[in-house]
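Worksheet: the structure to be examined is printed underneath.
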Amino acid sequence: MALRLINSALRRQLAAQLPHNAQVGSVASVHTLDKIGKREIVGFGWNGTACYADRADYPMPAVRFREANNEITALRTKEQGDWKKLSPQEIKALYRASFCQTIAEVQAGTGEWKMHLGVGLIFTAAAIWIAVLMNLFVYDELPVTFDEEHQKAQLKRMIDLEINPVTGLSSKWDYENNKWKN
């Protein structure tokens, strides 16, 4: 019991020494309390930071979406009573005060994939054009050794020299009958 009292007293003393806009235990120093304005902190938040983000995998942000004004404050006090007395418009206004988008809106497609596909196709087309132009204007013609006559002569030479006789090309040639093995 005494340790708990000492621990809470130390925490109060440390909290009093910290600046009012510092966030204790924050993972990201970008999200500080001065950036959320007068919005109410309602939870732990994503990574323990007091920030707002619409995410399907973390649907409960740490802060409300809008700052409380007179209308929202009146609705929140009315919310404490019977919910059947709230109209659908008031329920929607309360929801939009806490959240920017519904889960359906967050999960809905944005069409951004079309832009990525278009940019990818533009780069692919540019690469094809560069390859064609390089073949036309930069590279020399293929050497004569690439025609069929020279390739047959090179194959015959490899067989005559018995190159790689264990597992290679020469292992598939029948030297007694001068034809390929089955």
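Ordering of the structure tokens sets the chain letters (A, B, ...); residue numbers start at 1 within each chain; ligands are numbered from 1 in the order shown.
Residues in contact range of Arg66 in chain A, defined as at most 7 Å between only C-alpha atoms, with sequence neighbours fewer than 2 positions away removed, read A:Arg39, A:Arg64, A:Ala68, A:Ala97, A:Ser98.
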Inset, instruction - Apply DSSP to the backbone of this structure and, from chain A, keep only the residues in strand (DSSP E); write these as a list in words. - result: Trp173, Asp174, Lys179 and Trp180 of chain A
Inset, instruction - Please run DSSP on the backbone and report, as a PyMOL selection string, all residues within range 12-172 of chain A that come out as alpha helix (DSSP H). - result: chain A and resi 12-17+70-79+88-98+103-107+112-137+148-160
Legend entry - Top pick for closest residue to Leu75 in chain A, considering A:Met158, A:Leu94, A:Ala62, A:Val166 and counting only C-alpha atoms: A:Leu94
Each residue of range 67-157 of chain A lying at most 12 Å from range 170-176 of chain A should get a row with its shortest atom-to-atom pair and the distance in Å to one decimal, counting only C-alpha atoms; could you produce that, ordered by chain and increasing number, as CSV?
```
residue,atom,partner,partner_atom,distance
A:Leu155,CA,A:Ser170,CA,9.8
A:Lys156,CA,A:Ser170,CA,10.1
A:Arg157,CA,A:Ser170,CA,10.6
```
Legend entry - For CA of Ala125 in chain A and CA of Glu112 in chain A, the interatomic separation in Å (one decimal):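 CA of Ala125 in chain A sits 20.2 Å away from CA of Glu112 in chain A.
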Legend entry - Contacts of Ala104 in chain A at 12 Å (only C-alpha atoms; same-chain gap of 5+ positions) as number ranges by chain: A: 54-56, 59, 109-110
Inset, instruction - Figure out the distance between CA of Tyr95 in chain A and CA of Tyr52 in chain A, please, to one decimal in Å. - result: 14.4 Å
